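Data from protein_2.cif: mmCIF, C-alpha atoms
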```cif
data_structure
#
loop_
_atom_site.label_atom_id
_atom_site.label_comp_id
_atom_site.auth_asym_id
_atom_site.auth_seq_id
_atom_site.Cartn_x
_atom_site.Cartn_y
_atom_site.Cartn_z
CA MET A 1 -42.96 -11.29 5.14
CA VAL A 2 -39.59 -12.65 6.17
CA THR A 3 -36.85 -14.09 3.98
CA LEU A 4 -33.80 -15.99 5.17
CA ALA A 5 -30.95 -16.43 2.69
CA GLY A 6 -27.92 -18.60 3.39
CA VAL A 7 -28.52 -18.37 7.13
CA GLY A 8 -26.17 -20.22 9.46
CA LYS A 9 -25.85 -20.06 13.24
CA GLN A 10 -23.06 -21.11 15.51
CA TYR A 11 -22.72 -20.29 19.22
CA GLY A 12 -19.10 -19.56 20.14
CA ARG A 13 -16.86 -22.33 18.87
CA GLY A 14 -19.57 -24.99 19.22
CA ARG A 15 -20.95 -26.99 16.33
CA ALA A 16 -23.12 -25.23 13.78
CA VAL A 17 -26.77 -25.22 14.85
CA LEU A 18 -28.03 -24.12 11.44
CA VAL A 19 -26.34 -24.47 8.06
CA ASP A 20 -27.19 -22.53 4.90
CA VAL A 21 -30.91 -22.07 5.44
CA ASP A 22 -33.01 -20.52 2.66
CA LEU A 23 -36.59 -19.93 3.58
CA ALA A 24 -39.29 -17.44 2.64
CA VAL A 25 -42.54 -16.77 4.43
CA ARG A 26 -45.28 -14.73 2.73
CA ALA A 27 -48.42 -13.10 4.10
CA GLY A 28 -51.14 -15.67 4.69
CA ASP A 29 -48.68 -18.61 4.80
CA VAL A 30 -49.04 -21.17 7.54
CA VAL A 31 -45.61 -22.77 7.78
CA ALA A 32 -44.80 -25.90 9.75
CA VAL A 33 -41.19 -26.60 10.70
CA VAL A 34 -40.76 -30.18 11.87
CA GLY A 35 -37.76 -31.92 13.31
CA GLY A 36 -36.50 -33.83 16.31
CA ASN A 37 -35.16 -32.51 19.60
CA GLY A 38 -32.01 -30.44 19.17
CA SER A 39 -32.43 -30.21 15.39
CA GLY A 40 -32.21 -26.40 15.44
CA LYS A 41 -35.95 -25.60 15.20
CA SER A 42 -35.99 -23.16 18.11
CA THR A 43 -32.87 -21.33 16.91
CA LEU A 44 -34.38 -21.01 13.43
CA LEU A 45 -37.52 -19.47 14.93
CA ARG A 46 -35.53 -17.04 17.07
CA ILE A 47 -33.63 -15.90 13.98
CA MET A 48 -36.90 -15.42 12.08
CA ALA A 49 -38.25 -13.41 15.01
CA GLY A 50 -35.14 -11.21 14.99
CA ILE A 51 -34.28 -12.18 18.56
CA THR A 52 -30.83 -13.43 17.65
CA ALA A 53 -28.63 -12.51 14.72
CA PRO A 54 -27.56 -15.19 12.23
CA THR A 55 -23.80 -15.89 12.17
CA THR A 56 -23.87 -16.00 8.36
CA GLY A 57 -26.48 -15.05 5.79
CA THR A 58 -29.22 -12.45 5.90
CA ARG A 59 -32.76 -11.88 7.17
CA THR A 60 -34.73 -9.47 5.04
CA ASP A 61 -38.35 -8.34 4.46
CA VAL A 62 -38.73 -7.78 8.17
CA PRO A 63 -42.37 -7.51 9.29
CA ARG A 64 -43.57 -4.54 11.30
CA SER A 65 -44.90 -6.59 14.20
CA ILE A 66 -43.99 -10.04 15.43
CA GLY A 67 -45.67 -12.29 17.96
CA TYR A 68 -43.34 -14.88 19.47
CA VAL A 69 -44.33 -17.82 21.67
CA PRO A 70 -41.33 -19.61 23.24
CA GLU A 71 -41.31 -23.34 23.74
CA ARG A 72 -41.28 -23.06 27.51
CA PHE A 73 -42.62 -19.90 29.04
CA PRO A 74 -40.74 -19.06 32.22
CA ALA A 75 -42.80 -19.27 35.35
CA SER A 76 -40.35 -17.26 37.42
CA THR A 77 -41.90 -13.81 37.58
CA ARG A 78 -44.12 -12.70 40.43
CA MET A 79 -45.93 -10.33 38.09
CA SER A 80 -49.58 -11.28 37.54
CA ALA A 81 -50.62 -12.58 34.13
CA HIS A 82 -52.91 -9.60 33.62
CA SER A 83 -50.29 -6.99 34.44
CA TYR A 84 -47.64 -8.80 32.34
CA LEU A 85 -49.99 -8.75 29.35
CA ARG A 86 -50.83 -5.08 29.90
CA HIS A 87 -47.11 -4.27 29.86
CA MET A 88 -46.56 -6.29 26.67
CA GLY A 89 -49.57 -4.58 25.05
CA ARG A 90 -48.17 -1.15 25.89
CA ILE A 91 -44.76 -2.16 24.48
CA ARG A 92 -46.58 -3.15 21.27
CA GLY A 93 -48.12 0.31 21.18
CA LEU A 94 -51.54 -0.13 22.81
CA SER A 95 -52.98 2.15 25.46
CA THR A 96 -53.21 0.69 28.98
CA ARG A 97 -56.99 0.41 28.71
CA ILE A 98 -57.07 -1.33 25.34
CA ALA A 99 -54.20 -3.63 26.37
CA GLY A 100 -56.10 -4.61 29.52
CA GLU A 101 -59.30 -5.30 27.58
CA ARG A 102 -57.47 -7.35 24.97
CA ALA A 103 -55.67 -9.32 27.73
CA ASP A 104 -58.98 -10.13 29.45
CA GLU A 105 -60.53 -11.20 26.15
CA LEU A 106 -57.65 -13.55 25.26
CA LEU A 107 -57.30 -15.04 28.74
CA GLU A 108 -61.02 -15.70 28.82
CA ARG A 109 -60.89 -17.49 25.48
CA LEU A 110 -57.89 -19.53 26.57
CA LYS A 111 -59.54 -20.21 29.96
CA LEU A 112 -56.61 -19.26 32.16
CA GLU A 113 -56.85 -20.99 35.54
CA PRO A 114 -57.03 -19.96 38.35
CA GLY A 115 -57.32 -16.43 36.96
CA PRO A 116 -55.58 -13.40 35.44
CA ASP A 117 -54.64 -11.84 38.77
CA PHE A 118 -52.44 -14.71 39.93
CA ALA A 119 -48.65 -14.44 39.70
CA ILE A 120 -47.26 -16.17 36.62
CA ARG A 121 -44.89 -18.18 38.83
CA ASP A 122 -47.87 -19.77 40.58
CA LEU A 123 -49.43 -20.99 37.32
CA SER A 124 -49.12 -24.54 36.00
CA LYS A 125 -46.99 -25.13 32.87
CA GLY A 126 -50.03 -25.22 30.61
CA ASN A 127 -51.50 -22.05 32.08
CA ALA A 128 -48.18 -20.20 31.79
CA GLN A 129 -48.16 -21.31 28.14
CA LYS A 130 -51.59 -19.68 27.71
CA VAL A 131 -50.10 -16.39 28.93
CA ALA A 132 -47.31 -16.82 26.36
CA VAL A 133 -49.88 -17.32 23.59
CA ALA A 134 -51.94 -14.36 24.79
CA GLN A 135 -48.97 -11.95 24.76
CA SER A 136 -48.12 -12.93 21.18
CA LEU A 137 -51.64 -11.99 20.04
CA ILE A 138 -52.12 -8.89 22.19
CA THR A 139 -52.04 -6.98 18.91
CA ARG A 140 -52.44 -8.84 15.62
CA PRO A 141 -48.87 -9.59 14.53
CA GLU A 142 -47.87 -9.56 10.86
CA LEU A 143 -45.79 -12.61 11.64
CA LEU A 144 -46.77 -15.06 14.37
CA ILE A 145 -44.03 -17.46 15.46
CA LEU A 146 -44.86 -20.35 17.79
CA ASP A 147 -42.33 -22.83 19.16
CA GLU A 148 -44.11 -26.12 19.91
CA PRO A 149 -47.11 -24.20 21.16
CA TRP A 150 -49.22 -27.23 21.90
CA SER A 151 -46.88 -28.75 24.45
CA GLY A 152 -48.38 -28.57 27.92
CA LEU A 153 -51.79 -27.32 26.78
CA ASP A 154 -54.91 -29.34 27.57
CA SER A 155 -57.19 -30.48 24.76
CA SER A 156 -59.68 -27.62 25.04
CA ALA A 157 -56.82 -25.12 24.87
CA HIS A 158 -55.48 -27.02 21.82
CA GLY A 159 -58.73 -26.26 20.05
CA THR A 160 -58.70 -22.59 21.05
CA LEU A 161 -55.06 -22.20 19.97
CA SER A 162 -55.78 -23.77 16.58
CA GLU A 163 -58.73 -21.37 16.17
CA LEU A 164 -56.55 -18.39 17.12
CA ILE A 165 -53.87 -19.46 14.63
CA ALA A 166 -56.45 -19.93 11.87
CA GLU A 167 -58.01 -16.51 12.58
CA THR A 168 -54.59 -14.85 12.53
CA ALA A 169 -53.71 -16.41 9.16
CA LEU A 170 -57.14 -15.53 7.76
CA ALA A 171 -56.59 -11.90 8.73
CA GLY A 172 -53.54 -11.88 6.41
CA SER A 173 -50.72 -12.60 8.87
CA ALA A 174 -48.09 -15.25 8.31
CA VAL A 175 -47.81 -18.04 10.88
CA VAL A 176 -44.76 -20.23 11.52
CA PHE A 177 -44.86 -23.04 14.05
CA THR A 178 -42.68 -25.98 15.01
CA ASP A 179 -43.68 -29.47 15.95
CA HIS A 180 -42.10 -32.83 16.52
CA ARG A 181 -41.71 -34.98 13.45
CA GLU A 182 -43.85 -37.71 14.91
CA SER A 183 -46.93 -35.73 15.73
CA VAL A 184 -49.50 -34.83 13.14
CA SER A 185 -49.71 -31.09 12.78
CA ARG A 186 -52.81 -29.75 14.44
CA VAL A 187 -53.18 -26.98 11.93
CA GLU A 188 -53.28 -27.37 8.19
CA ALA A 189 -49.97 -25.97 7.04
CA SER A 190 -49.62 -24.41 3.59
CA LYS A 191 -45.86 -25.05 3.59
CA ARG A 192 -43.88 -27.62 5.44
CA TYR A 193 -40.15 -27.67 6.14
CA GLU A 194 -38.17 -30.50 7.67
CA ILE A 195 -35.09 -29.73 9.69
CA GLU A 196 -32.36 -32.22 10.46
CA ASP A 197 -28.88 -31.52 11.84
CA GLY A 198 -29.33 -27.83 11.16
CA ARG A 199 -30.23 -28.30 7.50
CA VAL A 200 -33.66 -27.26 6.33
CA ARG A 201 -35.44 -28.64 3.31
CA ARG A 202 -38.88 -28.03 1.91
CA SER A 203 -41.03 -31.07 2.39
CA LEU A 204 -43.10 -31.50 -0.75
CA GLN A 205 -45.30 -34.24 0.57
CA ARG A 206 -48.08 -32.31 2.24
CA ARG A 207 -49.47 -34.17 5.17
CA GLN A 208 -53.08 -33.69 6.10
CA GLY A 209 -53.61 -32.21 9.52
CA HIS A 210 -56.73 -32.76 11.52
CA ARG A 211 -59.13 -30.20 13.02
CA MET B 1 -39.48 3.38 25.17
CA ARG B 2 -41.68 4.55 28.05
CA ALA B 3 -43.58 1.28 28.01
CA LEU B 4 -40.32 -0.70 28.00
CA VAL B 5 -38.83 1.28 30.89
CA ARG B 6 -42.08 0.97 32.83
CA TYR B 7 -42.10 -2.81 32.37
CA THR B 8 -38.38 -3.11 33.21
CA LEU B 9 -38.79 -1.15 36.44
CA ALA B 10 -41.95 -3.08 37.40
CA ASN B 11 -40.06 -6.32 36.82
CA LEU B 12 -37.16 -5.06 38.95
CA PHE B 13 -39.45 -4.19 41.83
CA VAL B 14 -41.38 -7.47 41.88
CA SER B 15 -38.07 -9.38 41.70
CA GLN B 16 -36.75 -7.46 44.78
CA ARG B 17 -33.26 -7.69 43.26
CA PHE B 18 -32.72 -3.98 43.88
CA VAL B 19 -32.48 -4.52 47.64
CA PRO B 20 -28.87 -5.86 48.00
CA PRO B 21 -27.15 -3.16 45.88
CA THR B 22 -29.25 -0.44 47.53
CA PHE B 23 -28.20 -1.74 50.94
CA LEU B 24 -24.54 -1.82 49.84
CA TYR B 25 -24.80 1.80 48.72
CA LEU B 26 -26.43 3.02 51.93
CA VAL B 27 -23.85 1.19 54.08
CA LEU B 28 -20.93 2.62 52.05
CA LEU B 29 -22.47 6.08 52.24
CA ALA B 30 -22.93 5.83 56.02
CA VAL B 31 -19.42 4.50 56.62
CA LEU B 32 -17.60 6.88 54.27
CA THR B 33 -19.49 10.15 54.76
CA SER B 34 -21.06 10.20 58.25
CA SER B 35 -20.01 12.91 60.74
CA ASP B 36 -17.46 14.31 58.33
CA SER B 37 -16.38 17.92 58.69
CA GLY B 38 -13.92 18.15 55.79
CA PRO B 39 -14.54 19.86 52.47
CA LEU B 40 -17.90 18.92 51.01
CA VAL B 41 -16.44 18.06 47.61
CA THR B 42 -14.16 15.43 49.20
CA VAL B 43 -17.17 13.82 50.87
CA TYR B 44 -19.02 13.82 47.56
CA ALA B 45 -16.08 11.99 45.99
CA ALA B 46 -16.69 9.15 48.48
CA ALA B 47 -20.43 9.23 47.77
CA ALA B 48 -19.80 9.08 44.00
CA GLY B 49 -17.37 6.18 44.40
CA SER B 50 -20.01 4.32 46.43
CA LEU B 51 -22.58 4.96 43.75
CA LEU B 52 -20.21 3.56 41.11
CA ALA B 53 -19.98 0.22 42.91
CA ALA B 54 -23.72 0.07 43.58
CA SER B 55 -24.52 1.18 40.04
CA VAL B 56 -22.86 -1.85 38.47
CA TRP B 57 -24.79 -4.20 40.73
CA ILE B 58 -28.10 -2.36 40.17
CA THR B 59 -27.70 -2.58 36.40
CA VAL B 60 -26.95 -6.30 36.64
CA ALA B 61 -30.04 -6.64 38.87
CA VAL B 62 -32.19 -4.82 36.31
CA ALA B 63 -30.92 -6.91 33.39
CA ASN B 64 -31.01 -10.24 35.21
CA ALA B 65 -34.47 -9.68 36.69
CA GLU B 66 -35.63 -10.70 33.22
CA ASP B 67 -35.59 -14.45 32.69
CA PRO B 68 -33.64 -15.39 29.51
CA VAL B 69 -36.75 -16.77 27.79
CA SER B 70 -39.03 -13.86 28.74
CA ARG B 71 -36.20 -11.68 27.41
CA TRP B 72 -36.68 -13.33 24.02
CA VAL B 73 -40.38 -12.49 24.19
CA LEU B 74 -39.50 -8.92 25.13
CA LEU B 75 -37.04 -8.62 22.23
CA ALA B 76 -39.74 -9.80 19.80
CA ASN B 77 -42.32 -7.40 21.23
CA ALA B 78 -39.92 -4.46 21.32
CA ARG B 79 -39.10 -5.03 17.62
CA ARG B 80 -35.81 -3.11 17.85
CA THR B 81 -33.58 -5.26 20.03
CA SER B 82 -31.35 -2.29 20.89
CA ASP B 83 -34.37 -0.67 22.57
CA VAL B 84 -34.28 -3.40 25.21
CA VAL B 85 -30.64 -2.56 26.08
CA THR B 86 -31.51 1.15 26.14
CA ALA B 87 -34.48 0.46 28.42
CA THR B 88 -32.26 -1.54 30.79
CA ALA B 89 -29.77 1.34 31.01
CA LEU B 90 -32.48 4.01 31.40
CA SER B 91 -34.29 2.03 34.11
CA ALA B 92 -31.04 1.49 36.04
CA LEU B 93 -30.18 5.21 35.71
CA LEU B 94 -33.64 6.32 36.86
CA TYR B 95 -33.30 4.21 39.97
CA GLN B 96 -29.82 5.62 40.60
CA VAL B 97 -31.10 9.19 40.40
CA ALA B 98 -32.93 8.48 43.66
CA LEU B 99 -29.76 7.06 45.21
CA GLY B 100 -27.73 10.02 43.93
CA VAL B 101 -30.10 12.48 45.62
CA ILE B 102 -29.64 10.59 48.91
CA GLY B 103 -25.87 10.78 48.34
CA LEU B 104 -26.07 14.55 47.92
CA LEU B 105 -28.32 15.24 50.89
CA TYR B 106 -27.17 12.71 53.51
CA PRO B 107 -23.67 14.24 54.07
CA LEU B 108 -25.30 17.66 54.66
CA TYR B 109 -27.47 16.15 57.35
CA SER B 110 -24.86 13.95 59.04
CA GLY B 111 -21.73 16.16 58.94
CA HIS B 112 -20.65 19.76 59.25
CA HIS B 113 -19.81 21.36 55.94
CA THR B 114 -19.74 24.73 54.29
CA VAL B 115 -22.41 24.28 51.65
CA THR B 116 -21.87 26.07 48.37
CA ALA B 117 -23.85 25.82 45.19
CA SER B 118 -20.75 24.87 43.24
CA ALA B 119 -19.89 22.03 45.66
CA LEU B 120 -23.46 20.72 45.27
CA GLY B 121 -23.18 21.07 41.52
CA ILE B 122 -19.84 19.23 41.39
CA GLY B 123 -21.26 16.51 43.68
CA ALA B 124 -24.28 16.04 41.43
CA VAL B 125 -22.21 15.87 38.26
CA ALA B 126 -19.75 13.45 39.92
CA GLU B 127 -22.60 11.15 40.99
CA LEU B 128 -24.03 11.32 37.49
CA THR B 129 -20.65 10.45 35.95
CA CYS B 130 -20.24 7.45 38.26
CA ALA B 131 -23.81 6.32 37.54
CA LEU B 132 -23.19 6.48 33.78
CA VAL B 133 -19.91 4.55 33.95
CA GLY B 134 -21.28 2.01 36.46
CA THR B 135 -24.33 1.39 34.27
CA GLY B 136 -22.06 0.75 31.29
CA ILE B 137 -19.98 -1.76 33.27
CA GLY B 138 -23.20 -3.38 34.51
CA LEU B 139 -24.45 -3.89 30.94
CA LEU B 140 -21.25 -5.80 30.16
CA CYS B 141 -21.44 -7.92 33.33
CA SER B 142 -25.05 -9.09 32.98
CA ARG B 143 -27.08 -11.39 30.75
CA PRO B 144 -26.85 -12.04 27.89
CA VAL B 145 -23.17 -10.96 27.79
CA ILE B 146 -22.12 -12.75 30.99
CA VAL B 147 -24.52 -15.45 32.11
CA ARG B 148 -22.85 -17.02 35.14
CA THR B 149 -23.17 -15.30 38.52
CA GLY B 150 -19.56 -15.95 39.64
CA VAL B 151 -17.98 -14.64 36.45
CA SER B 152 -20.33 -11.66 36.48
CA THR B 153 -19.41 -10.78 40.09
CA LEU B 154 -15.65 -11.05 39.53
CA ALA B 155 -15.77 -9.13 36.24
CA GLY B 156 -17.84 -6.40 37.90
CA ILE B 157 -15.45 -6.04 40.84
CA ALA B 158 -12.39 -6.05 38.57
CA LEU B 159 -13.83 -3.37 36.28
CA VAL B 160 -14.94 -1.14 39.18
CA LEU B 161 -11.47 -1.35 40.75
CA ALA B 162 -9.84 -0.64 37.40
CA VAL B 163 -12.03 2.41 36.78
CA LEU B 164 -11.38 3.73 40.32
CA LEU B 165 -7.70 2.95 40.68
CA VAL B 166 -6.00 3.05 37.28
CA LYS B 167 -4.41 6.49 37.41
CA GLY B 168 -5.43 8.75 34.60
CA LEU B 169 -8.08 6.42 33.17
CA PRO B 170 -10.90 8.81 32.36
CA PRO B 171 -13.38 9.80 33.55
CA VAL B 172 -13.78 8.45 37.11
CA SER B 173 -10.21 8.25 38.41
CA PRO B 174 -9.07 11.75 37.36
CA MET B 175 -12.40 13.17 38.49
CA LEU B 176 -12.17 11.71 41.99
CA SER B 177 -8.52 12.75 42.40
CA ARG B 178 -9.48 16.28 41.39
CA MET B 179 -12.13 16.22 44.12
CA THR B 180 -9.86 14.80 46.83
CA GLY B 181 -6.64 16.55 45.78
CA ALA B 182 -4.38 18.69 48.01
CA SER B 183 -6.25 21.86 47.11
CA PRO B 184 -9.87 20.89 47.43
CA VAL B 185 -11.93 22.47 44.76
CA ASP B 186 -14.34 24.36 47.01
CA THR B 187 -11.65 26.46 48.68
CA ALA B 188 -10.77 28.31 45.50
CA VAL B 189 -13.08 29.40 42.74
CA PRO B 190 -14.35 25.98 41.64
CA ASP B 191 -14.04 25.09 38.07
CA VAL B 192 -17.19 23.17 37.20
CA LEU B 193 -16.35 22.91 33.52
CA PRO B 194 -13.96 19.91 33.71
CA PHE B 195 -16.67 18.04 35.60
CA VAL B 196 -19.12 18.55 32.78
CA GLY B 197 -16.39 17.09 30.57
CA PHE B 198 -16.15 14.04 32.86
CA ALA B 199 -19.91 13.54 32.66
CA ILE B 200 -19.79 13.71 28.85
CA LEU B 201 -17.00 11.11 28.87
CA GLY B 202 -19.14 8.99 31.22
CA ALA B 203 -22.05 9.18 28.80
CA ALA B 204 -19.74 8.20 25.94
CA ALA B 205 -18.46 5.24 27.98
CA LEU B 206 -22.05 4.11 28.65
CA TYR B 207 -22.92 4.42 24.97
CA GLY B 208 -19.87 2.36 23.98
CA CYS B 209 -20.65 -0.34 26.54
CA GLY B 210 -24.29 -0.38 25.41
CA VAL B 211 -23.34 -0.89 21.75
CA LEU B 212 -20.91 -3.66 22.72
CA ALA B 213 -23.44 -5.37 25.00
CA HIS B 214 -26.06 -5.22 22.24
CA ARG B 215 -23.70 -6.70 19.61
CA LEU B 216 -22.59 -9.53 21.90
CA GLY B 217 -26.17 -10.15 23.03
CA ARG B 218 -27.43 -10.41 19.44
CA ARG B 219 -24.96 -13.23 18.89
CA ARG B 220 -25.73 -15.06 22.10
CA ASP B 221 -29.50 -14.82 22.53
#
```
This entry written out as structure tokens:
Amino acid sequence: MVTLAGVGKQYGRGRAVLVDVDLAVRAGDVVAVVGGNGSGKSTLLRIMAGITAPTTGTRTDVPRSIGYVPERFPASTRMSAHSYLRHMGRIRGLSTRIAGERADELLERLKLEPGPDFAIRDLSKGNAQKVAVAQSLITRPELLILDEPWSGLDSSAHGTLSELIAETALAGSAVVFTDHRESVSRVEASKRYEIEDGRVRRSLQRRQGHR
Amino acid sequence: MRALVRYTLANLFVSQRFVPPTFLYLVLLAVLTSSDSGPLVTVYAAAAGSLLAASVWITVAVANAEDPVSRWVLLANARRTSDVVTATALSALLYQVALGVIGLLYPLYSGHHTVTASALGIGAVAELTCALVGTGIGLLCSRPVIVRTGVSTLAGIALVLAVLLVKGLPPVSPMLSRMTGASPVDTAVPDVLPFVGFAILGAAALYGCGVLAHRLGRRRD
């Protein structure tokens, strides 16, 4: 689904964020990437999503559609959640009508408060995060990438997000998510990678997640 | 691409960032072309120069209306990251078409000119050339290539001045001097052909800037 070989990333002349990363994600995989703050998790996910190019190494087996949920969804736009999602749906190839229906369905499941017609900038952090999750699933992605998706979500939304992730994996997509080292993963991961100082290694000890 | 352009323009309008460069353009147009009775082509040179300056700012406004993180989301959803750069350029150009039409019509209304089809044609092609070059400069002066507002402003001004004033630097400088030269084009049989050449060079400049902006952006995002 996506294969990274010898991937390194360095911004300008700064220190290397990622060093020699080899990683393969296959259809149906649920991959957890754990590591502390500033360990390079977010950069690794952006490279997997094709948002930024690696400085060294290659990214191959690129999936046809990718859903990406950033760690902190910006609450700066005055566009309403519903119209933002309709735009993203159209960009992913849906018709306006289908995109609107799909947006309503997802926002209802995620219980967006106060409602889909409010500007994203007026939403709380958790509710903006729900919009970020909804846009990633507006069409079923072959590869779903989530950067600390649980941060800022309330407990009922945690449950819904875990369900959505499980459904996506069950439908044959690959899922990659990051989490802090300390927290227990909320979704049972089939593969687990630990990242420290930009180096990634497969963690063989499989921890049991709850839910 | 249509969906991307539609989103980019919607985002520009809700951000209201198009207002300052539009105002700049209208003020320049009013100051430089009002109540003029000289050759129409000379007036259109001033209008095209005004559009060049506004064009850079409009393109920066279009690109920077997108928050850096929502840009990442957009890049993932668009799949081909170069499509996002293309959509930024197309959206900025579409908006400038409206400004260009104002630039063609306003001098006719405010001044006294002998209107000829060839002068109108040269004016339109000149505005197009300036829009293409300005959009290219704008792509290089906006996120993700240049992030900081101060650097972006100074780089934009420096590049606009260079393109306008460096003698012989194609396509804008030679085009405008041809339009304002001692023998204004619309007194003789106007030669539209070189202007088409300028527009093609403008398109090539935009393409080059777009490729460069995309390469640099891929490294920085």
(request) Between atom CA of Ala65 of chain B and atom CA of Ala162 of chain B, measure the distance and give it in Å to one decimal. (result)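 Interatomic distance here is 26.2 Å.
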(message) Could you check the closest approach to Val131 of chain A for each of B:Gln16, B:Val73, B:Arg2, B:Asp36 and tell me which residue wins, using all atoms listed in the file?
(response)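 Using all atoms listed in the file, Val131 of chain A sits closest to B:Val73.
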(request) Determine the residue membership of the PyMOL selection byres ((chain A and resi 61) around 8) for the file above and supply it as a ChimeraX atom specification. (result) /A:1-3,59-60,62-63
(message) Contacts from chain A to chain B, 9 Å maximum, all atoms listed in the file: show me the residue list as a PyMOL selection string.
(response) chain A and resi 9-12+46+49-55+64-74+76-79+84+87-93+132+135-136
(message) Considering only C-alpha atoms, can you say which of A:Tyr193, A:Phe177, A:Ala171, A:Asp117 comes closest to Pro149 of chain A?
(response) A:Phe177
(message) Residue by residue, what does the PyMOL selection byres ((chain A and resi 133) around 12) grab here? Present the result as a PyMOL selection string.
(response) (chain A and resi 67-73+81+85+88+103+106-107+109-112+126-132+134-141+144-151+153+157-158+160-162+164-165) or (chain B and resi 73)
(request) Please indicate the distance in Å from atom CA of Val145 of chain B to atom CA of Ala158 of chain B, rounded to one decimal place. (result) 16.0 Å
(request) Just give me the gap between atom CA of Asp104 of chain A and atom CA of Ser80 of chain A in Å, one decimal is fine. (result)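 Those two atoms sit 12.5 Å apart.
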I'd like to see the residues matched by the PyMOL selection byres ((chain B and resi 156) around 9) on this file, and ideally I'd get them as a CSV table (one decimal) with C-alpha atoms, in the coordinates of the input.
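In the end it all went to result_23.csv:
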```
chain,number,residue,atom,x,y,z
B,53,ALA,CA,-20.0,0.2,42.9
B,56,VAL,CA,-22.9,-1.8,38.5
B,57,TRP,CA,-24.8,-4.2,40.7
B,137,ILE,CA,-20.0,-1.8,33.3
B,138,GLY,CA,-23.2,-3.4,34.5
B,140,LEU,CA,-21.2,-5.8,30.2
B,141,CYS,CA,-21.4,-7.9,33.3
B,151,VAL,CA,-18.0,-14.6,36.4
B,152,SER,CA,-20.3,-11.7,36.5
B,153,THR,CA,-19.4,-10.8,40.1
B,154,LEU,CA,-15.6,-11.0,39.5
B,155,ALA,CA,-15.8,-9.1,36.2
B,157,ILE,CA,-15.4,-6.0,40.8
B,158,ALA,CA,-12.4,-6.0,38.6
B,159,LEU,CA,-13.8,-3.4,36.3
B,160,VAL,CA,-14.9,-1.1,39.2
B,161,LEU,CA,-11.5,-1.4,40.8
```
(request) Fewer than 4 positions away in the same chain doesn't count, so skip those; otherwise give me all residues within 6 Å of segment 203-214 of chain B, counting all atoms listed in the file, as a list in words. (result)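 Listing them by chain and then by number gives Leu132, Val133, Gly136 and Leu140 of chain B.
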(request) Name the residues in contact with His112 of chain B at a cut-off of 8 Å, using only C-alpha atoms, excluding same-chain residues fewer than 4 positions from it; report them as a VMD selection string. (result) chain B and resid 35 to 38 108
